[in-house]
file data21.csv (CSV, N, CA and C atoms)
chain,number,residue,atom,x,y,z
W,12,MET,N,-69.9,-32.1,45.9
W,12,MET,CA,-69.1,-30.9,45.8
W,12,MET,C,-70.0,-29.7,45.9
W,13,ILE,N,-71.3,-29.8,45.5
W,13,ILE,CA,-72.2,-28.7,45.6
W,13,ILE,C,-72.5,-28.4,47.1
W,14,SER,N,-72.4,-29.4,48.0
W,14,SER,CA,-72.5,-29.1,49.4
W,14,SER,C,-71.5,-28.2,49.9
W,15,LEU,N,-70.3,-28.3,49.5
W,15,LEU,CA,-69.2,-27.5,49.9
W,15,LEU,C,-69.4,-26.0,49.4
W,16,TYR,N,-69.8,-25.9,48.2
W,16,TYR,CA,-70.1,-24.5,47.7
W,16,TYR,C,-71.2,-23.8,48.4
W,17,ILE,N,-72.2,-24.6,48.7
W,17,ILE,CA,-73.4,-24.0,49.5
W,17,ILE,C,-72.9,-23.6,50.9
W,18,PHE,N,-72.2,-24.5,51.5
W,18,PHE,CA,-71.7,-24.2,52.9
W,18,PHE,C,-70.8,-23.0,52.9
W,19,LEU,N,-69.9,-22.9,51.9
W,19,LEU,CA,-69.0,-21.7,51.8
W,19,LEU,C,-69.8,-20.4,51.5
W,20,SER,N,-70.9,-20.5,50.7
W,20,SER,CA,-71.7,-19.3,50.4
W,20,SER,C,-72.5,-18.9,51.7
W,21,GLU,N,-72.8,-19.9,52.6
W,21,GLU,CA,-73.5,-19.5,53.8
W,21,GLU,C,-72.5,-18.7,54.7
W,22,ILE,N,-71.3,-19.2,54.8
W,22,ILE,CA,-70.3,-18.5,55.6
W,22,ILE,C,-70.0,-17.1,55.0
W,23,CYS,N,-69.9,-17.0,53.7
W,23,CYS,CA,-69.6,-15.7,53.1
W,23,CYS,C,-70.8,-14.7,53.3
W,24,LEU,N,-72.0,-15.2,53.2
W,24,LEU,CA,-73.2,-14.4,53.4
W,24,LEU,C,-73.2,-13.8,54.8
W,25,SER,N,-72.9,-14.7,55.7
W,25,SER,CA,-72.9,-14.3,57.1
W,25,SER,C,-71.9,-13.2,57.4
W,26,LEU,N,-70.7,-13.4,56.9
W,26,LEU,CA,-69.6,-12.4,57.0
W,26,LEU,C,-69.9,-11.1,56.3
W,27,ALA,N,-70.6,-11.2,55.1
W,27,ALA,CA,-70.9,-10.0,54.4
W,27,ALA,C,-72.0,-9.2,55.2
W,28,ILE,N,-72.9,-9.8,55.8
W,28,ILE,CA,-73.9,-9.1,56.6
W,28,ILE,C,-73.2,-8.4,57.8
W,29,SER,N,-72.3,-9.2,58.5
W,29,SER,CA,-71.6,-8.6,59.6
W,29,SER,C,-70.7,-7.4,59.2
W,30,LEU,N,-70.0,-7.5,58.1
W,30,LEU,CA,-69.2,-6.4,57.6
W,30,LEU,C,-70.1,-5.2,57.2
W,31,PHE,N,-71.2,-5.4,56.6
W,31,PHE,CA,-72.1,-4.3,56.2
W,31,PHE,C,-72.6,-3.6,57.5
W,32,THR,N,-73.0,-4.4,58.5
W,32,THR,CA,-73.4,-3.8,59.8
W,32,THR,C,-72.3,-3.0,60.4
W,33,LEU,N,-71.1,-3.5,60.4
W,33,LEU,CA,-70.0,-2.7,60.9
W,33,LEU,C,-69.7,-1.4,60.1
W,34,LEU,N,-69.9,-1.5,58.9
W,34,LEU,CA,-69.7,-0.3,58.0
W,34,LEU,C,-70.7,0.7,58.4
W,35,LEU,N,-72.0,0.3,58.6
W,35,LEU,CA,-73.0,1.3,59.0
W,35,LEU,C,-72.7,1.9,60.4
W,36,LEU,N,-72.2,1.2,61.3
W,36,LEU,CA,-72.0,1.7,62.6
W,36,LEU,C,-70.6,2.4,62.8
W,37,ARG,N,-69.8,2.3,61.8
W,37,ARG,CA,-68.4,2.8,61.9
W,37,ARG,C,-68.4,4.3,62.3
W,38,GLY,N,-69.2,5.1,61.7
W,38,GLY,CA,-69.1,6.5,61.9
W,38,GLY,C,-69.5,6.9,63.3
W,39,SER,N,-70.5,6.4,63.8
W,39,SER,CA,-71.0,6.8,65.1
W,39,SER,C,-70.6,6.0,66.3
W,40,LEU,N,-70.2,4.8,66.2
W,40,LEU,CA,-69.9,4.0,67.3
W,40,LEU,C,-68.8,4.5,68.2
W,41,GLN,N,-67.7,4.9,67.6
W,41,GLN,CA,-66.5,5.3,68.3
W,41,GLN,C,-66.9,6.6,69.1
W,42,GLY,N,-67.6,7.5,68.5
W,42,GLY,CA,-68.0,8.8,69.2
W,42,GLY,C,-68.9,8.5,70.4
W,43,VAL,N,-69.9,7.7,70.2
W,43,VAL,CA,-70.8,7.4,71.2
W,43,VAL,C,-70.1,6.7,72.4
W,44,LEU,N,-69.3,5.7,72.1
W,44,LEU,CA,-68.6,5.0,73.1
W,44,LEU,C,-67.6,5.9,73.9
W,45,THR,N,-66.9,6.8,73.1
W,45,THR,CA,-66.0,7.7,73.8
W,45,THR,C,-66.8,8.6,74.8
W,46,ASP,N,-67.9,9.1,74.3
W,46,ASP,CA,-68.8,9.9,75.2
W,46,ASP,C,-69.2,9.1,76.4
W,47,LEU,N,-69.7,7.9,76.2
W,47,LEU,CA,-70.1,7.1,77.4
W,47,LEU,C,-69.0,6.7,78.3
W,48,CYS,N,-67.9,6.3,77.8
W,48,CYS,CA,-66.8,5.8,78.6
W,48,CYS,C,-66.0,6.9,79.2
W,49,GLN,N,-66.0,8.0,78.6
W,49,GLN,CA,-65.3,9.2,79.1
W,49,GLN,C,-63.8,8.9,79.0
W,50,ASN,N,-63.3,8.0,78.2
W,50,ASN,CA,-61.9,7.6,78.1
W,50,ASN,C,-61.8,7.0,76.7
W,51,THR,N,-60.8,7.4,75.9
W,51,THR,CA,-60.6,6.8,74.6
W,51,THR,C,-60.1,5.3,74.7
W,52,GLN,N,-59.3,5.0,75.7
W,52,GLN,CA,-58.9,3.6,75.8
W,52,GLN,C,-60.1,2.6,76.1
W,53,ARG,N,-61.0,3.0,76.9
W,53,ARG,CA,-62.2,2.2,77.2
W,53,ARG,C,-63.0,2.1,76.0
W,54,ALA,N,-63.2,3.3,75.3
W,54,ALA,CA,-64.0,3.3,74.1
W,54,ALA,C,-63.4,2.4,73.0
W,55,GLU,N,-62.1,2.4,72.9
W,55,GLU,CA,-61.4,1.5,71.9
W,55,GLU,C,-61.7,0.0,72.2
W,56,PHE,N,-61.6,-0.3,73.5
W,56,PHE,CA,-61.9,-1.7,73.9
W,56,PHE,C,-63.3,-2.1,73.5
W,57,TRP,N,-64.3,-1.2,73.9
W,57,TRP,CA,-65.7,-1.5,73.6
W,57,TRP,C,-66.0,-1.5,72.1
W,58,THR,N,-65.3,-0.7,71.3
W,58,THR,CA,-65.4,-0.7,69.9
W,58,THR,C,-64.9,-2.1,69.3
W,59,SER,N,-63.7,-2.5,69.8
W,59,SER,CA,-63.2,-3.8,69.4
W,59,SER,C,-64.1,-4.9,69.8
W,60,PHE,N,-64.6,-4.9,71.0
W,60,PHE,CA,-65.5,-5.9,71.5
W,60,PHE,C,-66.8,-6.0,70.6
W,61,THR,N,-67.3,-4.8,70.3
W,61,THR,CA,-68.5,-4.8,69.4
W,61,THR,C,-68.2,-5.4,68.0
W,62,LYS,N,-67.1,-5.0,67.5
W,62,LYS,CA,-66.7,-5.5,66.1
W,62,LYS,C,-66.6,-7.1,66.2
W,63,LEU,N,-65.9,-7.6,67.2
W,63,LEU,CA,-65.8,-9.0,67.3
W,63,LEU,C,-67.2,-9.7,67.5
W,64,MET,N,-68.0,-9.1,68.3
W,64,MET,CA,-69.3,-9.7,68.6
W,64,MET,C,-70.2,-9.7,67.3
W,65,LEU,N,-70.0,-8.6,66.5
W,65,LEU,CA,-70.8,-8.5,65.3
W,65,LEU,C,-70.3,-9.5,64.2
W,66,ILE,N,-69.2,-10.0,64.3
W,66,ILE,CA,-68.7,-11.0,63.4
W,66,ILE,C,-69.0,-12.4,63.9
W,67,ILE,N,-68.6,-12.6,65.2
W,67,ILE,CA,-68.8,-13.9,65.8
W,67,ILE,C,-70.3,-14.3,65.9
W,68,GLY,N,-71.1,-13.4,66.4
W,68,GLY,CA,-72.5,-13.7,66.6
W,68,GLY,C,-73.2,-14.3,65.4
W,69,PRO,N,-73.3,-13.6,64.2
W,69,PRO,CA,-74.0,-14.1,63.1
W,69,PRO,C,-73.3,-15.4,62.5
W,70,LEU,N,-71.9,-15.4,62.6
W,70,LEU,CA,-71.2,-16.6,62.0
W,70,LEU,C,-71.5,-17.8,62.9
W,71,LEU,N,-71.5,-17.6,64.2
W,71,LEU,CA,-71.9,-18.7,65.1
W,71,LEU,C,-73.3,-19.2,64.9
W,72,SER,N,-74.2,-18.3,64.7
W,72,SER,CA,-75.6,-18.6,64.4
W,72,SER,C,-75.7,-19.4,63.1
W,73,THR,N,-75.0,-19.0,62.1
W,73,THR,CA,-75.0,-19.7,60.8
W,73,THR,C,-74.5,-21.1,61.0
W,74,LEU,N,-73.4,-21.2,61.7
W,74,LEU,CA,-72.8,-22.5,61.9
W,74,LEU,C,-73.6,-23.5,62.7
W,75,LEU,N,-74.3,-22.9,63.8
W,75,LEU,CA,-75.1,-23.8,64.7
W,75,LEU,C,-76.4,-24.2,64.0
W,76,PHE,N,-77.0,-23.3,63.2
W,76,PHE,CA,-78.3,-23.6,62.7
W,76,PHE,C,-78.4,-24.0,61.3
W,77,ARG,N,-77.3,-24.3,60.7
W,77,ARG,CA,-77.4,-24.7,59.3
W,77,ARG,C,-78.0,-26.1,59.2
W,78,PRO,N,-78.7,-26.4,58.1
W,78,PRO,CA,-79.3,-27.7,57.9
W,78,PRO,C,-78.3,-28.8,58.0
W,79,SER,N,-78.7,-29.9,58.8
W,79,SER,CA,-77.7,-31.0,59.0
W,79,SER,C,-77.8,-32.0,57.9
W,80,SER,N,-78.9,-32.0,57.1
W,80,SER,CA,-79.1,-33.1,56.1
W,80,SER,C,-78.3,-32.7,54.9
W,81,GLY,N,-78.3,-33.6,53.9
W,81,GLY,CA,-77.5,-33.3,52.6
W,81,GLY,C,-78.1,-32.1,51.9
W,82,TYR,N,-77.4,-31.7,50.9
W,82,TYR,CA,-77.8,-30.5,50.1
W,82,TYR,C,-78.2,-31.0,48.7
W,83,PRO,N,-79.4,-31.4,48.5
W,83,PRO,CA,-79.8,-31.7,47.1
W,83,PRO,C,-79.8,-30.4,46.3
W,84,ASP,N,-79.6,-30.5,45.0
W,84,ASP,CA,-79.4,-29.3,44.2
W,84,ASP,C,-80.7,-28.4,44.2
W,85,TYR,N,-81.9,-29.0,44.2
W,85,TYR,CA,-83.1,-28.2,44.1
W,85,TYR,C,-83.4,-27.5,45.4
W,86,TYR,N,-82.7,-27.8,46.5
W,86,TYR,CA,-83.0,-27.1,47.7
W,86,TYR,C,-82.0,-25.9,48.0
W,87,SER,N,-81.2,-25.6,47.0
W,87,SER,CA,-80.2,-24.5,47.2
W,87,SER,C,-80.8,-23.2,47.6
W,88,VAL,N,-81.9,-22.8,47.0
W,88,VAL,CA,-82.6,-21.5,47.4
W,88,VAL,C,-83.1,-21.6,48.8
W,89,ILE,N,-83.7,-22.7,49.2
W,89,ILE,CA,-84.2,-22.8,50.5
W,89,ILE,C,-83.1,-22.7,51.6
W,90,ILE,N,-82.0,-23.4,51.3
W,90,ILE,CA,-80.8,-23.4,52.2
W,90,ILE,C,-80.3,-22.0,52.2
W,91,PHE,N,-80.2,-21.3,51.1
W,91,PHE,CA,-79.7,-19.9,51.1
W,91,PHE,C,-80.6,-19.0,51.9
W,92,ARG,N,-81.9,-19.2,51.8
W,92,ARG,CA,-82.8,-18.4,52.6
W,92,ARG,C,-82.7,-18.6,54.1
W,93,GLU,N,-82.5,-19.9,54.4
W,93,GLU,CA,-82.3,-20.2,55.8
W,93,GLU,C,-81.0,-19.6,56.4
W,94,THR,N,-80.0,-19.6,55.6
W,94,THR,CA,-78.7,-19.0,56.0
W,94,THR,C,-78.9,-17.6,56.2
W,95,LEU,N,-79.5,-16.9,55.3
W,95,LEU,CA,-79.8,-15.5,55.5
W,95,LEU,C,-80.5,-15.2,56.7
W,96,ARG,N,-81.6,-16.0,57.0
W,96,ARG,CA,-82.4,-15.8,58.2
W,96,ARG,C,-81.6,-16.0,59.5
W,97,HIS,N,-80.7,-17.0,59.5
W,97,HIS,CA,-80.0,-17.3,60.7
W,97,HIS,C,-78.9,-16.2,60.9
W,98,ALA,N,-78.3,-15.8,59.8
W,98,ALA,CA,-77.2,-14.7,59.9
W,98,ALA,C,-77.9,-13.4,60.4
W,99,LEU,N,-79.0,-13.1,59.9
W,99,LEU,CA,-79.7,-11.9,60.4
W,99,LEU,C,-80.1,-12.0,61.9
W,100,MET,N,-80.6,-13.2,62.2
W,100,MET,CA,-81.0,-13.5,63.6
W,100,MET,C,-79.8,-13.3,64.5
W,101,GLY,N,-78.6,-13.8,64.1
W,101,GLY,CA,-77.4,-13.7,64.9
W,101,GLY,C,-77.0,-12.3,65.1
W,102,GLY,N,-77.1,-11.5,64.0
W,102,GLY,CA,-76.8,-10.1,64.1
W,102,GLY,C,-77.7,-9.3,65.0
W,103,PHE,N,-79.0,-9.6,64.9
W,103,PHE,CA,-80.0,-9.0,65.7
W,103,PHE,C,-79.8,-9.3,67.2
W,104,ILE,N,-79.6,-10.5,67.5
W,104,ILE,CA,-79.3,-10.9,68.9
W,104,ILE,C,-78.1,-10.2,69.4
W,105,THR,N,-77.0,-10.2,68.6
W,105,THR,CA,-75.8,-9.6,69.0
W,105,THR,C,-76.0,-8.1,69.2
W,106,LEU,N,-76.6,-7.4,68.3
W,106,LEU,CA,-76.8,-6.0,68.4
W,106,LEU,C,-77.7,-5.7,69.6
W,107,SER,N,-78.7,-6.5,69.9
W,107,SER,CA,-79.6,-6.3,71.0
W,107,SER,C,-78.8,-6.4,72.3
W,108,GLY,N,-78.0,-7.4,72.4
W,108,GLY,CA,-77.1,-7.6,73.6
W,108,GLY,C,-76.2,-6.4,73.8
W,109,MET,N,-75.6,-5.9,72.7
W,109,MET,CA,-74.6,-4.8,72.8
W,109,MET,C,-75.4,-3.5,73.2
W,110,GLY,N,-76.6,-3.3,72.6
W,110,GLY,CA,-77.4,-2.2,72.9
W,110,GLY,C,-77.8,-2.2,74.4
W,111,PHE,N,-78.1,-3.3,74.9
W,111,PHE,CA,-78.5,-3.4,76.3
W,111,PHE,C,-77.4,-3.1,77.2
W,112,VAL,N,-76.2,-3.6,76.9
W,112,VAL,CA,-75.0,-3.3,77.7
W,112,VAL,C,-74.7,-1.8,77.7
W,113,ILE,N,-74.7,-1.2,76.5
W,113,ILE,CA,-74.4,0.2,76.4
W,113,ILE,C,-75.5,1.0,77.1
W,114,TRP,N,-76.7,0.7,76.9
W,114,TRP,CA,-77.8,1.4,77.5
W,114,TRP,C,-77.8,1.4,79.0
W,115,LYS,N,-77.3,0.3,79.6
W,115,LYS,CA,-77.2,0.2,81.0
W,115,LYS,C,-76.1,1.1,81.6
W,116,THR,N,-75.2,1.5,80.8
W,116,THR,CA,-74.1,2.4,81.3
W,116,THR,C,-74.3,3.8,81.1
W,117,ILE,N,-75.4,4.2,80.4
W,117,ILE,CA,-75.7,5.6,80.3
W,117,ILE,C,-76.3,6.2,81.6
W,118,PRO,N,-75.7,7.3,82.0
W,118,PRO,CA,-76.2,7.9,83.3
W,118,PRO,C,-77.6,8.4,83.0
W,119,ARG,N,-78.4,8.2,84.0
W,119,ARG,CA,-79.8,8.7,83.9
W,119,ARG,C,-79.9,10.1,84.5
W,120,ARG,N,-80.8,10.9,83.9
W,120,ARG,CA,-81.0,12.3,84.4
W,120,ARG,C,-82.2,12.3,85.3
W,121,ASN,N,-82.0,12.8,86.5
W,121,ASN,CA,-83.1,12.9,87.5
W,121,ASN,C,-84.0,14.1,87.1
W,122,THR,N,-85.2,13.8,86.8
W,122,THR,CA,-86.1,14.8,86.2
W,122,THR,C,-86.5,15.8,87.3
W,123,THR,N,-86.5,15.5,88.6
W,123,THR,CA,-87.0,16.4,89.6
W,123,THR,C,-85.9,17.5,89.9
W,124,THR,N,-84.6,17.0,89.9
W,124,THR,CA,-83.5,18.0,90.2
W,124,THR,C,-82.7,18.3,89.0
W,125,ASN,N,-83.0,17.7,87.9
W,125,ASN,CA,-82.3,18.0,86.6
W,125,ASN,C,-80.8,17.7,86.7
W,126,GLN,N,-80.5,16.7,87.5
W,126,GLN,CA,-79.1,16.3,87.7
W,126,GLN,C,-78.9,14.8,87.1
W,127,GLU,N,-77.7,14.6,86.6
W,127,GLU,CA,-77.5,13.2,86.2
W,127,GLU,C,-77.2,12.3,87.4
W,128,THR,N,-77.7,11.1,87.4
W,128,THR,CA,-77.4,10.1,88.4
W,128,THR,C,-76.6,9.0,87.8
W,129,ASP,N,-75.7,8.4,88.5
W,129,ASP,CA,-74.9,7.3,88.0
W,129,ASP,C,-75.6,6.0,88.4
W,130,ASN,N,-76.1,5.3,87.3
W,130,ASN,CA,-76.9,4.1,87.6
W,130,ASN,C,-76.0,2.9,87.8
W,131,LEU,N,-74.6,3.1,87.8
W,131,LEU,CA,-73.7,2.0,88.0
W,131,LEU,C,-73.4,1.9,89.5
W,132,VAL,N,-73.6,2.9,90.3
W,132,VAL,CA,-73.2,2.9,91.7
W,132,VAL,C,-74.5,2.7,92.5
W,133,PRO,N,-74.5,1.7,93.3
W,133,PRO,CA,-75.7,1.4,94.1
W,133,PRO,C,-76.1,2.7,95.0
W,134,ALA,N,-77.4,2.8,95.2
W,134,ALA,CA,-77.9,4.0,96.0
W,134,ALA,C,-77.2,4.1,97.3
W,135,SER,N,-76.9,3.0,98.0
W,135,SER,CA,-76.3,3.1,99.3
W,135,SER,C,-74.9,3.6,99.3
W,136,ASN,N,-74.2,3.5,98.2
W,136,ASN,CA,-72.8,3.9,98.0
W,136,ASN,C,-72.7,5.3,97.4
W,137,ASN,N,-73.9,5.8,96.9
W,137,ASN,CA,-73.8,7.1,96.2
W,137,ASN,C,-74.0,8.2,97.3
W,138,ARG,N,-72.9,8.9,97.6
W,138,ARG,CA,-72.9,9.9,98.7
W,138,ARG,C,-72.9,11.3,98.1
W,139,GLY,N,-73.1,11.4,96.7
W,139,GLY,CA,-73.0,12.7,96.0
W,139,GLY,C,-74.0,13.7,96.3

call {"tool": "encode", "arguments": {"input": "data21.csv", "output": "structure tokens"}}
result
Amino acid sequence: MISLYIFLSEICLSLAISLFTLLLLRGSLQGVLTDLCQNTQRAEFWTSFTKLMLIIGPLLSTLLFRPSSGYPDYYSVIIFRETLRHALMGGFITLSGMGFVIWKTIPRRNTTTNQETDNLVPASNNRG
């Protein structure tokens, strides 16, 4: 029975970390995405996508990397520590991926002409 409680605490810890991360990003994420997407519908999509990824990533990491052996009572602290590490790793990887995707969509400013260039359109198609 202790195995079930430890497993459930692993899941709850992973979800708590995800929800805390979402709480921290809540204020600025929508504004940044609206600015980048230049459309509220697109920004809402990316906000929902980010929320899902920030819950699924750490939870999946916790489920994939949890110890497969039994849970003796004296290993509870070690198991909890490993769960925390894996949940944080999942969050870090998820945030890194999302940051990379968003970073790639930011228009770059041309320093010589002081104009923004669209890095999503190949140079051969940019007739601007």

call {"tool": "residues_around", "arguments": {"input": "data21.csv", "residues": "segment 104-115 of chain W", "least_positions_apart": "2", "cutoff": "8 Å", "atoms": "all atoms listed in the file", "output": "list in words"}}
result
Thr61, Met64, Leu65, Ile67, Gly68, Pro69, Ala98, Leu99, Met100, Gly101, Gly102, Ile117, Pro118, Arg119, Asn130 and Leu131 of chain W

call {"tool": "closest_residue", "arguments": {"input": "data21.csv", "among": "W:His97, W:Lys62, W:Thr116, W:Ser72", "to": "Phe31 of chain W", "atoms": "only C-alpha atoms"}}
result
W:Lys62

call {"tool": "closest_residue", "arguments": {"input": "data21.csv", "among": "W:Leu44, W:Phe103, W:Ile90, W:Leu63", "to": "Leu24 of chain W", "atoms": "only C-alpha atoms"}}
result
W:Ile90

call {"tool": "atom_distance", "arguments": {"input": "data21.csv", "atom1": "atom N of Leu95 of chain W", "atom2": "atom CA of Leu40 of chain W"}}
result
25.9 Å

call {"tool": "atom_distance", "arguments": {"input": "data21.csv", "atom1": "atom CA of Trp57 of chain W", "atom2": "atom C of Gly38 of chain W"}}
result
13.8 Å

call {"tool": "select_by_dssp", "arguments": {"input": "data21.csv", "residues": "segment 14-126 of chain W", "states": "alpha helix (DSSP H)", "output": "ChimeraX atom specification"}}
result
/W:14-48,51-76,87-116

call {"tool": "atom_distance", "arguments": {"input": "data21.csv", "atom1": "atom C of Gln41 of chain W", "atom2": "atom CA of Ser59 of chain W"}}
result
11.0 Å

call {"tool": "decode", "arguments": {"input": "data21.csv", "residues": "segment 43-77 of chain W", "atoms": "C-alpha atoms", "output": "compact mmCIF listing (two decimals), in the first residue's frame"}}
result
# COMPACT_ATOMS: atom_id res chain seq x y z
CA VAL W 43 4.23 38.21 -25.27
CA LEU W 44 2.45 35.74 -27.50
CA THR W 45 -0.11 38.31 -28.63
CA ASP W 46 2.75 40.64 -29.56
CA LEU W 47 4.64 37.91 -31.41
CA CYS W 48 1.64 36.38 -33.17
CA GLN W 49 0.03 39.74 -33.95
CA ASN W 50 -3.34 38.01 -33.54
CA THR W 51 -5.23 37.10 -30.37
CA GLN W 52 -6.52 33.80 -31.79
CA ARG W 53 -3.00 32.61 -32.59
CA ALA W 54 -1.79 33.79 -29.19
CA GLU W 55 -4.60 31.88 -27.47
CA PHE W 56 -3.61 28.74 -29.36
CA TRP W 57 0.04 29.06 -28.34
CA THR W 58 -0.96 29.84 -24.75
CA SER W 59 -3.08 26.69 -24.61
CA PHE W 60 -0.29 24.71 -26.26
CA THR W 61 2.21 25.97 -23.71
CA LYS W 62 -0.08 25.14 -20.81
CA LEU W 63 -0.58 21.61 -22.09
CA MET W 64 3.13 21.10 -22.66
CA LEU W 65 3.98 22.39 -19.20
CA ILE W 66 1.65 19.82 -17.65
CA ILE W 67 2.33 16.89 -19.98
CA GLY W 68 6.14 17.27 -20.12
CA PRO W 69 6.93 16.95 -16.40
CA LEU W 70 4.20 14.38 -15.84
CA LEU W 71 5.46 12.22 -18.68
CA SER W 72 9.01 12.56 -17.39
CA THR W 73 7.86 11.47 -13.94
CA LEU W 74 5.99 8.48 -15.32
CA LEU W 75 8.79 7.37 -17.64
CA PHE W 76 11.64 7.69 -15.19
CA ARG W 77 10.15 6.56 -11.92
